[in-house]
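Engineer: Attaching a single structure in structure tokens format; questions to follow.
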Amino acid sequence: LARDGITLVERPTEGAAENLRLLMDPKSGVDVAFVQGGLGAGASGVEMLAGLYHEALWVFYRNGTTLSHLDQLRGKRIAIGPDGSGTRAFAEAVLAANDVTPRNSTLTPQTTGDAIHALQRGELDAAMLVGSAQGQAVSLALRDPTLDLMSIVRADAYPRRFHFVTKLLLPAGAVDLAHNVPPDDVVLLGTTAMLVAREDLPNPLVDLLLDAARD
């Protein structure tokens, strides 16, 4: 936006859920935010400007019995992201649909990197992350021979239950052709990252934001 003389001030947050809360608070000073699909439904005072890209939900678990259904995580220790993160909101929704809840499982709030390290140390049975395959933690987990990535066989059912969920396919070798990562096609759940603004943001600024988003 600097090319148009607009100064953009970035504010680090815990994730998409906190972003939405800040956007809905007129005293926060936040005008625009990235929000994960499903979080902004029914939010007052905000409007979606554009859907930007898909974000995958990665479910990593320790080697052993192959897992392909989220209900197989019932009774296990699972990292679902910190409070305020989009990962947590996404994970809680799809886990609850499979009757994986705090009543019958241990759901922990580790951040992305901490979750993978805890999984590697055997302190967790599974870790759920939302993000890019190029992200440091996801990249590390994909290349760790002691961890497996869940390919979700009932992925077609989730978009029927949740309007913000999309079925994604990660082809074999898509992350790293030279080392064949992943070694097989993997079916994932995903959502859309959205650019969202306060309703009172001036239209000329909205137009500039949309131009930047297209670029």
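Chain lettering (A, B, ...) mirrors the order of the structure tokens, residue numbering begins at 1 for each chain separately, and ligand numbering begins at 1 in order of display.
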Find the residues around Leu52 of chain A up to 8 Å (only C-alpha atoms counted), leave out those fewer than 3 positions away in its own chain, and share them as a ChimeraX atom specification.

Structural biologist: /A:192-195,213

Engineer: Write the residues of the preceding selection, restricted to N, CA and C atoms, as a PDB file, in the first residue's frame.

Structural biologist:
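The resulting file, again-v1.pdb, is reproduced below:
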```
ATOM      1  N   THR A 192     -10.833 -21.042   3.910  1.00  0.00           N
ATOM      2  CA  THR A 192     -10.360 -19.920   3.105  1.00  0.00           C
ATOM      3  C   THR A 192      -9.935 -18.766   3.993  1.00  0.00           C
ATOM      4  N   ALA A 193      -8.761 -18.236   3.732  1.00  0.00           N
ATOM      5  CA  ALA A 193      -8.326 -17.017   4.416  1.00  0.00           C
ATOM      6  C   ALA A 193      -8.995 -15.833   3.738  1.00  0.00           C
ATOM      7  N   MET A 194      -9.626 -14.963   4.539  1.00  0.00           N
ATOM      8  CA  MET A 194     -10.387 -13.849   3.990  1.00  0.00           C
ATOM      9  C   MET A 194      -9.813 -12.519   4.460  1.00  0.00           C
ATOM     10  N   LEU A 195      -9.896 -11.537   3.592  1.00  0.00           N
ATOM     11  CA  LEU A 195      -9.552 -10.171   3.948  1.00  0.00           C
ATOM     12  C   LEU A 195     -10.841  -9.483   4.369  1.00  0.00           C
ATOM     13  N   ALA A 213      -4.719  -6.949  -2.883  1.00  0.00           N
ATOM     14  CA  ALA A 213      -5.058  -8.365  -2.735  1.00  0.00           C
ATOM     15  C   ALA A 213      -4.966  -9.102  -4.077  1.00  0.00           C
TER      16      ALA A 213
END
```

Engineer: Can you tell me, as a PyMOL selection string, which residues in chain A count as strand (DSSP E or B) by DSSP?

Structural biologist: chain A and resi 32-36+46-62+77-79+106-108+126-131+147-149+166-170+176+181+186-198

Engineer: Contacts of Arg143 of chain A at 8 Å or less, counting only C-alpha atoms, minus same-chain residues fewer than 3 places along, as a PyMOL selection string?

Structural biologist: chain A and resi 139-140+181

Engineer: Quick one: everything within 12 Å of segment 109-114 of chain A, counting only C-alpha atoms, minus sequence neighbours fewer than 5 positions away in the same chain. Send it as a PyMOL selection string.

Structural biologist: chain A and resi 14-15+57-60+77-89+91-92+119-121+123-124+126-132+135-141

Engineer: May I have the residues within 12 Å of Leu67 of chain A as number ranges by chain, using only C-alpha atoms and disregarding those fewer than 5 positions away in the same chain?

Structural biologist: A: 59-62, 72-74, 125-126, 147-154

Engineer: Write a file of the selected residues as a short mmCIF file (atom, residue, chain, number, x, y, z; two decimals), in the first residue's frame, keeping all heavy atoms.

Structural biologist:
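As written to disk, result.cif reads:
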```cif
data_model
loop_
_atom_site.label_atom_id
_atom_site.label_comp_id
_atom_site.auth_asym_id
_atom_site.auth_seq_id
_atom_site.Cartn_x
_atom_site.Cartn_y
_atom_site.Cartn_z
N VAL A 59 -3.20 -32.63 10.33
CA VAL A 59 -3.34 -33.46 11.53
C VAL A 59 -2.18 -34.45 11.54
O VAL A 59 -2.18 -35.43 10.80
CB VAL A 59 -4.68 -34.20 11.56
CG1 VAL A 59 -4.82 -34.97 12.88
CG2 VAL A 59 -5.85 -33.23 11.38
N PHE A 60 -1.17 -34.16 12.35
CA PHE A 60 -0.01 -35.03 12.47
C PHE A 60 -0.16 -35.91 13.71
O PHE A 60 -0.72 -35.48 14.73
CB PHE A 60 1.28 -34.21 12.59
CG PHE A 60 1.64 -33.47 11.33
CD1 PHE A 60 1.40 -32.10 11.22
CD2 PHE A 60 2.24 -34.13 10.28
CE1 PHE A 60 1.74 -31.42 10.06
CE2 PHE A 60 2.58 -33.45 9.11
CZ PHE A 60 2.32 -32.09 9.01
N TYR A 61 0.35 -37.13 13.62
CA TYR A 61 0.30 -38.05 14.76
C TYR A 61 1.53 -38.93 14.75
O TYR A 61 2.23 -39.04 13.73
CB TYR A 61 -0.98 -38.88 14.73
CG TYR A 61 -1.15 -39.77 13.51
CD1 TYR A 61 -0.77 -41.12 13.55
CD2 TYR A 61 -1.69 -39.27 12.33
CE1 TYR A 61 -0.93 -41.93 12.44
CE2 TYR A 61 -1.85 -40.08 11.21
CZ TYR A 61 -1.47 -41.42 11.27
OH TYR A 61 -1.61 -42.23 10.17
N ARG A 62 1.79 -39.54 15.87
CA ARG A 62 2.98 -40.39 15.99
C ARG A 62 2.78 -41.70 15.24
O ARG A 62 1.68 -42.23 15.14
CB ARG A 62 3.29 -40.67 17.47
CG ARG A 62 3.71 -39.41 18.22
CD ARG A 62 4.12 -39.72 19.65
NE ARG A 62 5.25 -40.65 19.70
CZ ARG A 62 6.52 -40.29 19.50
NH1 ARG A 62 6.81 -39.03 19.24
NH2 ARG A 62 7.49 -41.17 19.57
N GLN A 72 -10.97 -41.19 15.57
CA GLN A 72 -9.94 -42.06 16.12
C GLN A 72 -9.03 -41.32 17.11
O GLN A 72 -8.22 -41.96 17.78
CB GLN A 72 -9.10 -42.65 14.98
CG GLN A 72 -9.86 -43.63 14.10
CD GLN A 72 -9.05 -44.09 12.90
OE1 GLN A 72 -8.56 -43.27 12.13
NE2 GLN A 72 -8.90 -45.38 12.76
N LEU A 73 -9.19 -40.00 17.20
CA LEU A 73 -8.42 -39.22 18.17
C LEU A 73 -9.08 -39.18 19.53
O LEU A 73 -8.51 -38.65 20.48
CB LEU A 73 -8.23 -37.78 17.66
CG LEU A 73 -7.44 -37.63 16.35
CD1 LEU A 73 -7.37 -36.15 15.96
CD2 LEU A 73 -6.03 -38.20 16.48
N ARG A 74 -10.27 -39.73 19.65
CA ARG A 74 -10.98 -39.71 20.93
C ARG A 74 -10.15 -40.41 21.99
O ARG A 74 -9.62 -41.50 21.78
CB ARG A 74 -12.34 -40.40 20.79
CG ARG A 74 -13.31 -40.13 21.92
CD ARG A 74 -14.65 -40.79 21.65
NE ARG A 74 -15.20 -40.32 20.38
CZ ARG A 74 -15.67 -41.14 19.43
NH1 ARG A 74 -15.64 -42.45 19.61
NH2 ARG A 74 -16.15 -40.64 18.31
N ASP A 125 -0.23 -37.13 21.40
CA ASP A 125 -0.54 -38.18 20.43
C ASP A 125 -0.79 -37.60 19.04
O ASP A 125 -0.62 -38.29 18.03
CB ASP A 125 -1.77 -38.96 20.88
CG ASP A 125 -1.56 -39.61 22.24
OD1 ASP A 125 -0.58 -40.37 22.37
OD2 ASP A 125 -2.35 -39.35 23.16
N ALA A 126 -1.25 -36.34 18.99
CA ALA A 126 -1.56 -35.71 17.71
C ALA A 126 -1.46 -34.20 17.86
O ALA A 126 -1.55 -33.66 18.96
CB ALA A 126 -2.96 -36.09 17.24
N LEU A 147 6.70 -39.20 12.38
CA LEU A 147 5.35 -38.64 12.38
C LEU A 147 4.63 -38.99 11.09
O LEU A 147 5.24 -39.11 10.03
CB LEU A 147 5.40 -37.12 12.53
CG LEU A 147 6.12 -36.55 13.76
CD1 LEU A 147 6.05 -35.03 13.75
CD2 LEU A 147 5.55 -37.12 15.05
N ASP A 148 3.32 -39.13 11.18
CA ASP A 148 2.48 -39.37 10.01
C ASP A 148 1.47 -38.23 9.87
O ASP A 148 1.08 -37.59 10.86
CB ASP A 148 1.71 -40.69 10.14
CG ASP A 148 2.59 -41.89 9.86
OD1 ASP A 148 3.52 -41.78 9.05
OD2 ASP A 148 2.34 -42.96 10.46
N LEU A 149 1.03 -37.99 8.63
CA LEU A 149 0.01 -36.99 8.34
C LEU A 149 -1.29 -37.71 8.02
O LEU A 149 -1.32 -38.59 7.15
CB LEU A 149 0.44 -36.14 7.14
CG LEU A 149 -0.57 -35.14 6.59
CD1 LEU A 149 -0.94 -34.10 7.65
CD2 LEU A 149 -0.02 -34.46 5.34
N MET A 150 -2.36 -37.35 8.72
CA MET A 150 -3.65 -38.01 8.51
C MET A 150 -4.23 -37.63 7.16
O MET A 150 -4.34 -36.45 6.82
CB MET A 150 -4.64 -37.65 9.62
CG MET A 150 -5.97 -38.38 9.50
SD MET A 150 -7.20 -37.89 10.75
CE MET A 150 -6.45 -38.54 12.24
N SER A 151 -4.61 -38.64 6.38
CA SER A 151 -5.38 -38.46 5.16
C SER A 151 -6.82 -38.79 5.51
O SER A 151 -7.14 -39.93 5.89
CB SER A 151 -4.87 -39.37 4.05
OG SER A 151 -5.55 -39.13 2.83
N ILE A 152 -7.71 -37.82 5.41
CA ILE A 152 -9.06 -37.94 5.97
C ILE A 152 -9.99 -38.55 4.93
O ILE A 152 -10.35 -37.90 3.92
CB ILE A 152 -9.55 -36.56 6.44
CG1 ILE A 152 -8.59 -36.02 7.51
CG2 ILE A 152 -10.98 -36.63 6.97
CD1 ILE A 152 -8.89 -34.64 7.99
N VAL A 153 -10.42 -39.78 5.16
CA VAL A 153 -11.19 -40.51 4.16
C VAL A 153 -12.63 -40.01 4.04
O VAL A 153 -13.26 -40.20 3.01
CB VAL A 153 -11.18 -42.02 4.44
CG1 VAL A 153 -9.77 -42.58 4.41
CG2 VAL A 153 -11.85 -42.34 5.77
N ARG A 154 -13.16 -39.37 5.07
CA ARG A 154 -14.54 -38.86 5.02
C ARG A 154 -14.57 -37.35 4.75
O ARG A 154 -15.51 -36.66 5.15
CB ARG A 154 -15.27 -39.18 6.32
CG ARG A 154 -15.38 -40.68 6.60
CD ARG A 154 -16.27 -40.96 7.79
NE ARG A 154 -15.75 -40.35 9.01
CZ ARG A 154 -16.32 -40.49 10.21
NH1 ARG A 154 -17.43 -41.19 10.33
NH2 ARG A 154 -15.80 -39.91 11.28
#
```

Engineer: Near Thr13 of chain A, within 10 Å and counting only C-alpha atoms, which residues show up once chain neighbours fewer than 3 positions away are dropped, as a list in words?

Structural biologist: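 Final neighbour list, sorted by chain and number: Glu10, Ala16, Ala17, Glu18, Asn19, Leu22, Gly84 and Ser85 of chain A.
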
Engineer: Could you save those same residues with all heavy atoms as a CSV table (one decimal), in the first residue's frame?

Structural biologist:
```csv
chain,number,residue,atom,x,y,z
A,10,GLU,N,1.2,-2.9,11.1
A,10,GLU,CA,0.9,-4.3,11.4
A,10,GLU,C,0.9,-4.6,12.9
A,10,GLU,O,1.7,-4.0,13.7
A,10,GLU,CB,2.0,-5.2,10.8
A,10,GLU,CG,2.1,-5.1,9.3
A,10,GLU,CD,3.3,-5.9,8.7
A,10,GLU,OE1,3.9,-6.7,9.5
A,10,GLU,OE2,3.5,-5.9,7.5
A,16,ALA,N,-6.6,-15.8,14.0
A,16,ALA,CA,-7.8,-15.3,13.3
A,16,ALA,C,-8.9,-14.9,14.2
A,16,ALA,O,-9.6,-13.9,14.0
A,16,ALA,CB,-8.3,-16.3,12.3
A,17,ALA,N,-9.1,-15.6,15.3
A,17,ALA,CA,-10.2,-15.3,16.2
A,17,ALA,C,-10.0,-14.0,16.9
A,17,ALA,O,-10.9,-13.2,17.1
A,17,ALA,CB,-10.4,-16.5,17.3
A,18,GLU,N,-8.7,-13.8,17.4
A,18,GLU,CA,-8.4,-12.5,18.0
A,18,GLU,C,-8.5,-11.4,16.9
A,18,GLU,O,-8.9,-10.2,17.3
A,18,GLU,CB,-7.0,-12.5,18.6
A,18,GLU,CG,-6.6,-11.2,19.3
A,18,GLU,CD,-5.2,-11.2,19.8
A,18,GLU,OE1,-4.5,-12.2,19.8
A,18,GLU,OE2,-4.8,-10.1,20.3
A,19,ASN,N,-8.1,-11.6,15.7
A,19,ASN,CA,-8.2,-10.6,14.7
A,19,ASN,C,-9.7,-10.1,14.5
A,19,ASN,O,-9.9,-8.9,14.4
A,19,ASN,CB,-7.8,-11.2,13.3
A,19,ASN,CG,-6.3,-11.4,13.2
A,19,ASN,OD1,-5.6,-11.1,14.2
A,19,ASN,ND2,-5.8,-12.1,12.2
A,22,LEU,N,-10.7,-7.9,17.5
A,22,LEU,CA,-10.2,-6.6,17.3
A,22,LEU,C,-10.9,-5.8,16.3
A,22,LEU,O,-11.2,-4.6,16.5
A,22,LEU,CB,-8.7,-6.6,17.0
A,22,LEU,CG,-7.8,-7.2,18.1
A,22,LEU,CD1,-6.4,-7.4,17.5
A,22,LEU,CD2,-7.7,-6.2,19.2
A,84,GLY,N,-7.8,-18.0,20.8
A,84,GLY,CA,-7.7,-16.8,19.9
A,84,GLY,C,-7.2,-17.1,18.5
A,84,GLY,O,-7.1,-16.3,17.6
A,85,SER,N,-6.7,-18.4,18.3
A,85,SER,CA,-6.2,-18.8,17.0
A,85,SER,C,-7.2,-19.4,16.1
A,85,SER,O,-8.2,-20.0,16.6
A,85,SER,CB,-5.0,-19.8,17.2
A,85,SER,OG,-5.5,-21.0,17.7
```

Engineer: Expressed in Å to a single decimal, how great is the separation between atom CA of Glu55 of chain A and atom CA of Asp4 of chain A?

Structural biologist: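 One can read the atom CA of Glu55 of chain A to atom CA of Asp4 of chain A distance as 29.0 Å.
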
Engineer: For Asp99 of chain A, find every residue with an atom within 9 Å (counting only C-alpha atoms), except residues of its own chain fewer than 4 positions away, and show them as a PDB file with all heavy atoms, in the first residue's frame.

Structural biologist:
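Written file, part_32.pdb:
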```
ATOM      1  N   ASP A  71     -12.459 -39.191  14.491  1.00  0.00           N
ATOM      2  CA  ASP A  71     -12.985 -39.808  15.716  1.00  0.00           C
ATOM      3  C   ASP A  71     -12.007 -40.807  16.327  1.00  0.00           C
ATOM      4  O   ASP A  71     -12.167 -41.211  17.485  1.00  0.00           O
ATOM      5  CB  ASP A  71     -14.353 -40.450  15.486  1.00  0.00           C
ATOM      6  CG  ASP A  71     -14.346 -41.541  14.433  1.00  0.00           C
ATOM      7  OD1 ASP A  71     -13.262 -41.871  13.906  1.00  0.00           O
ATOM      8  OD2 ASP A  71     -15.430 -42.070  14.120  1.00  0.00           O
ATOM      9  N   ARG A  74     -10.273 -39.727  19.649  1.00  0.00           N
ATOM     10  CA  ARG A  74     -10.982 -39.713  20.931  1.00  0.00           C
ATOM     11  C   ARG A  74     -10.145 -40.414  21.990  1.00  0.00           C
ATOM     12  O   ARG A  74      -9.616 -41.504  21.780  1.00  0.00           O
ATOM     13  CB  ARG A  74     -12.341 -40.395  20.786  1.00  0.00           C
ATOM     14  CG  ARG A  74     -13.312 -40.126  21.925  1.00  0.00           C
ATOM     15  CD  ARG A  74     -14.653 -40.787  21.646  1.00  0.00           C
ATOM     16  NE  ARG A  74     -15.202 -40.320  20.378  1.00  0.00           N
ATOM     17  CZ  ARG A  74     -15.666 -41.140  19.435  1.00  0.00           C
ATOM     18  NH1 ARG A  74     -15.641 -42.446  19.611  1.00  0.00           N
ATOM     19  NH2 ARG A  74     -16.148 -40.641  18.311  1.00  0.00           N
ATOM     20  N   VAL A  94     -14.469 -29.279  14.141  1.00  0.00           N
ATOM     21  CA  VAL A  94     -14.486 -30.584  13.477  1.00  0.00           C
ATOM     22  C   VAL A  94     -14.303 -31.726  14.470  1.00  0.00           C
ATOM     23  O   VAL A  94     -14.841 -32.828  14.272  1.00  0.00           O
ATOM     24  CB  VAL A  94     -13.432 -30.656  12.353  1.00  0.00           C
ATOM     25  CG1 VAL A  94     -13.770 -29.654  11.246  1.00  0.00           C
ATOM     26  CG2 VAL A  94     -12.028 -30.421  12.860  1.00  0.00           C
ATOM     27  N   LEU A  95     -13.581 -31.491  15.567  1.00  0.00           N
ATOM     28  CA  LEU A  95     -13.447 -32.532  16.588  1.00  0.00           C
ATOM     29  C   LEU A  95     -14.780 -32.773  17.293  1.00  0.00           C
ATOM     30  O   LEU A  95     -15.176 -33.924  17.532  1.00  0.00           O
ATOM     31  CB  LEU A  95     -12.374 -32.152  17.600  1.00  0.00           C
ATOM     32  CG  LEU A  95     -10.925 -32.234  17.129  1.00  0.00           C
ATOM     33  CD1 LEU A  95      -9.982 -31.724  18.213  1.00  0.00           C
ATOM     34  CD2 LEU A  95     -10.550 -33.663  16.722  1.00  0.00           C
ATOM     35  N   ASN A 104     -13.745 -36.294  26.930  1.00  0.00           N
ATOM     36  CA  ASN A 104     -13.195 -37.623  26.700  1.00  0.00           C
ATOM     37  C   ASN A 104     -11.767 -37.607  26.154  1.00  0.00           C
ATOM     38  O   ASN A 104     -11.187 -38.671  25.900  1.00  0.00           O
ATOM     39  CB  ASN A 104     -14.102 -38.415  25.744  1.00  0.00           C
ATOM     40  CG  ASN A 104     -14.374 -37.668  24.449  1.00  0.00           C
ATOM     41  OD1 ASN A 104     -13.505 -36.995  23.910  1.00  0.00           O
ATOM     42  ND2 ASN A 104     -15.605 -37.789  23.936  1.00  0.00           N
TER      43      ASN A 104
END
```

Engineer: When DSSP works through the backbone of this structure, what residues of segment 21-144 of chain A end up as alpha helix (DSSP H), shown as a ChimeraX atom specification?

Structural biologist: /A:21-24,86-97,112-120,136-142

Engineer: Looking at A:Gln36, A:Thr146, A:Asn180, A:Asn98, which one is nearest to His117 of chain A, with distances taken over only C-alpha atoms?

Structural biologist: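 Of all the options, A:Thr146 lies closest to His117 of chain A.
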
Engineer: For atom CA of Gly64 of chain A and atom CA of Ala97 of chain A, determine how far apart the two atoms are, in Å to one decimal place.

Structural biologist: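 Value for the atom CA of Gly64 of chain A-atom CA of Ala97 of chain A distance: 24.5 Å.
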
Engineer: What is the distance, in Å and to one decimal place, between atom CA of Val206 of chain A and atom CA of Phe162 of chain A?

Structural biologist: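 For atom CA of Val206 of chain A relative to atom CA of Phe162 of chain A, the distance reads 28.6 Å.
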
Engineer: Would you please work out which residue, of A:Leu169, A:Leu210, A:Ala197, A:Leu205, is nearest to Val32 of chain A when using only C-alpha atoms?

Structural biologist: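 For Val32 of chain A, the nearest of the candidates is A:Ala197.
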